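Worksheet for the structure shown next.
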Amino acid sequence: MKGYFMTGNEFQEYLKKSFMILDGATGTELIKRGMPSGVCPELWVYEHPEAICDIHNAYIAAGSNIVYAPTFGGNRCKLAEFGLADRLGEIVTSLVKITKNNAGSRALVFGDIAPTGKFIEPSGELDFDEAVAIFREAAQAMKDGGADGFAIETMMDLQEARAALLGVREAAPDLPVIVTMTFESSRRTLTGNTPEAALVTLQALGADAFGCNCSTGPEEMAQVIAALKPYARIPLIAKPNAGLPRLENGKTCFSMDAKMFASYGKILADAGASIFGGCCGTTPEHIAALAGNIRDIPFQYTPAEYRSVVSSASRICEIGKKFVVIGERINPTGKKAFQAELRSGSLDMAMDFALQQSEAGAGILDVNVGLSGIDEKETMRKLVAKLCRSTGEVLCIDSTDPATVEAALRLYPGRALLNSISAEKNRLEKVLPIAAKYGAMLIALPLTDDGIPSGADGRMAAVDRIIAEAARYGYCEKDICVDALIMAVASDNQAAWSALEVISRCSERGLHTVCGLSNISFGLPERSLVNRTFLGMALGRNLSMAIANPLFPELMSMVIAADSLLGRDEKMNRLLEFSEKQKSGGTSGQISSQRSFALSPVEAVKDAVLRGDSDRIESRLQAALDAGNSPEYLLNEVMIPAITEVGKKYEEKKFFLPQLISGAEAMSRGSAFLEPLLISGGSQPEKKAKFIIATVKGDIHDIGKNIVATVLKNYGFEVIDLGKDVPPEVIIDRALAEKADLIGLSALMTTTMGAMKDTVELARRRGLTSLKFIVGGAVVDKEFADSIGAVYAADPMSAVNAAEALIAQ
């Protein structure tokens, strides 16, 4: 392996034969060798190359097969914080060259790519294409320095990991790329991504290996690796911390010594990992012990059985595991009101359709905005962004326009289903390569340049051609779902039999199938009855999915019963749950969601906050005011309870960070709309406490702090953000000047935890005994917070709750 150019495919082949050892922590080792706090690490290493050479020599001697070049913050966003963005090429390329020259043939050198510190579209403000360009620029500089591959690491947001992977692939398409993300104790990232959703997405997008680093010790990380193993077609990576951090005599220490850390090597391997390393708190001694432990483990690597899985940022949908209804409503065909809305630029009705279908039980949402008189590409892109912010549903991108397909698949933070690829020359040549680039799963439509084949033989021939062409791009049959191409039985009395024969033949070959259910009944009376009857016939032939309207309770209850009869509902839990609802007299989700258009003005205001619908909160408030509700009532009795419910759902892991931020933004915008009315009426929204927030001295990581600041502002706190790398004196001086009630401190690096204690102690020395502190960050826990006299907040909502509790004392 060592000392020669290796493509991504060669890298994967090597990993099928042997374990691989990565390096351990770099930041703490640099500090041991003299790097001061608060400096740009990349520039300091550039000016002191002997430090990184010494560290890498120790790791290589310990057994590392790959060492990371010291380019963790080598992107334009991070370097700009030090006024160094214009020197990116010089610094990053040189750092890789320094590492390569030192490593020689002893180890491979991977360019290290880490977060920008910004939230990326659709959940954040940084444009997705700009993010890709930022990572592409960094990867190009690393490639110019001779990097053997790339390690995208410590990602807390799947969309940023996607941007990084696309940027690397666009700069260096042939080099290996590994990706690791940071999962919290909830087994989700900060933004709510699950390990399974991240793996499915990035594996399809072309990552050569995937796994976890940071946040947890090896025991907890083994559980995440085990959850990934059933879906992993690529090697899995485990790069845990050396246990939990703690402060001893003013210095940060970790709970695991080298021997204890290494003892988890077999546990991680048994869970499914084949690439090992260390993160915070690990040293060359930890890596040496781990490598020694790994050498004694018999190597075995078996990729998971291929599963047909699509994903959103927060969930997966496995085709064939249970019957999937693809919600058909977001399609302007035959919907005059929806067409008018799209032409006016409004996406409100599309969002209503999405939420209704989600509540009704749709497993995937079809998204089609093909309509004359609009910019389909831009409309699709805006709608995909809104859907991703408001729902966690898997999307099926439905368009015949290649530019629209690319815009949607590029932005979508998951593995989408694409509707569709036909056997037409134009679709195979122009759309199939786009689908492959973004890893989409395909619906194969048996349509040729000569039209629709009349019988099952012709349709299966078209399917075979699509499968053969897709194989050239790396697709296998499990990546493809065949559309049975149902035609109206009113115009062809053999249409149903032709479609059923296609379903049967595909089932015999192990191919998944889908159909546009409502096509069968077009032009007939009793369409619902005809649709359900055909669905029953198709289910008997093992139909996998149907594009249908989930708002019909009879159809959805039939699907639930069929899954039970066909063995797809283990222990018949879904059927039993449905039965209990019927016995209790409750209505099904399908029926209630049909009424969602009929919300009262007050209910619509609450709904806007719960859904994070900032675009409609003002118009809904105006409608509620026009209906005779006072601004005081709307604020205190409607909006505040709604945002409280958002917070509760976040704590219960029913909502995640994008939904929390969206809800808080809707609340903030609504409060601003009501404020003039409240003032003119003699009242005013209650002003909450003044909150100073900062990342402590020596720590330049601020994404978590920025998120907390945003949520606090939207919950009504007056937030003064001092930024990052802020000394205790500056924090306390500003708190005095502003007469602050609360101070929030963040730290991501274990080496900067002591600055939190220094800040609290400085406040006490100055007599500020009533000033309350809230602390948080990846390396902080409640025990540490208690030890320095602060309150611990694990996440943004915890910070809000802690702040409200403290000011109420």
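Going through the structure tokens in order, the chains are called A, B, and so on, while each chain numbers its residues from 1 and the ligands are numbered from 1 in the order shown.
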
Which residues, written as a compact mmCIF listing (two decimals) with C-alpha atoms, in the first residue's frame, have at least one atom at most 6 Å from Thr93 of chain A, with only C-alpha atoms counted and residues fewer than 4 positions away on the same chain left out?
# COMPACT_ATOMS: atom_id res chain seq x y z
CA GLY A 89 -2.98 27.78 -1.81
CA ALA A 141 -4.56 22.81 -2.93
CA MET A 142 -4.10 19.49 -1.12
CA GLY A 145 0.71 19.24 -2.57

Which residues, written as a ChimeraX atom specification, have at least one atom at most 12 Å from segment 600-604 of chain A, with only C-alpha atoms counted and residues fewer than 6 positions away on the same chain left out? /A:352,610-613,616-631,633-635,637-639,641-642

Name all residues at most 7 Å from Gly327 of chain A (count only C-alpha atoms; drop same-chain ones fewer than 6 positions away) and give them as a PyMOL selection string. chain A and resi 357+362+364-366+547-550

Using only C-alpha atoms, the best pick from A:Thr400, A:Thr391, A:Thr182, A:Ser518 as closest to Lys430 of chain A would be A:Thr400

Need to verify the contact set: Val367 of chain A, 8 Å, only C-alpha atoms, exclusion of same-chain residues closer than 3 positions in sequence. Can you return it as a compact mmCIF listing (two decimals) with N, CA, C and O atoms, in the first residue's frame?
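That gives us result31.txt:
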# COMPACT_ATOMS: atom_id res chain seq x y z
N GLU A 328 -48.42 11.40 -4.07
CA GLU A 328 -48.49 11.93 -5.44
C GLU A 328 -48.94 13.38 -5.53
O GLU A 328 -48.97 13.96 -6.61
N ILE A 330 -47.92 16.46 -4.76
CA ILE A 330 -47.13 17.63 -5.19
C ILE A 330 -46.84 17.49 -6.67
O ILE A 330 -45.74 17.18 -7.12
N ASN A 331 -47.87 17.73 -7.44
CA ASN A 331 -47.81 17.62 -8.90
C ASN A 331 -48.93 18.50 -9.46
O ASN A 331 -50.09 18.31 -9.11
N MET A 380 -38.24 24.14 -8.44
CA MET A 380 -37.91 22.86 -7.83
C MET A 380 -36.86 23.04 -6.74
O MET A 380 -36.99 22.47 -5.63
N LEU A 395 -37.48 12.26 -0.43
CA LEU A 395 -38.09 12.86 -1.62
C LEU A 395 -37.81 12.04 -2.87
O LEU A 395 -36.75 11.43 -3.02
N CYS A 396 -38.80 12.06 -3.76
CA CYS A 396 -38.67 11.49 -5.09
C CYS A 396 -38.69 12.65 -6.07
O CYS A 396 -39.71 13.35 -6.19
N ILE A 397 -37.59 12.91 -6.72
CA ILE A 397 -37.48 14.03 -7.65
C ILE A 397 -38.08 13.60 -8.99
O ILE A 397 -37.62 12.65 -9.62
N ASP A 398 -39.10 14.33 -9.42
CA ASP A 398 -39.90 13.94 -10.57
C ASP A 398 -39.83 15.03 -11.63
O ASP A 398 -40.51 16.07 -11.51

Quick check for you: according to DSSP on this backbone, which residues of segment 330-438 of chain A are classed as alpha helix (DSSP H)? Reply as a PyMOL selection string. chain A and resi 336-344+348-360+376-390+402-411+425-426+432-438

8 Å contact set for Met797 of chain A, only C-alpha atoms, chain neighbours under 3 positions out, as a PyMOL selection string: chain A and resi 647+650-651+711+800-801

Give the strand (DSSP E or B) residues of segment 436-579 of chain A, as assigned by DSSP on the backbone, as number ranges by chain. A: 441-445, 448, 451, 480-483, 512-516, 545-548
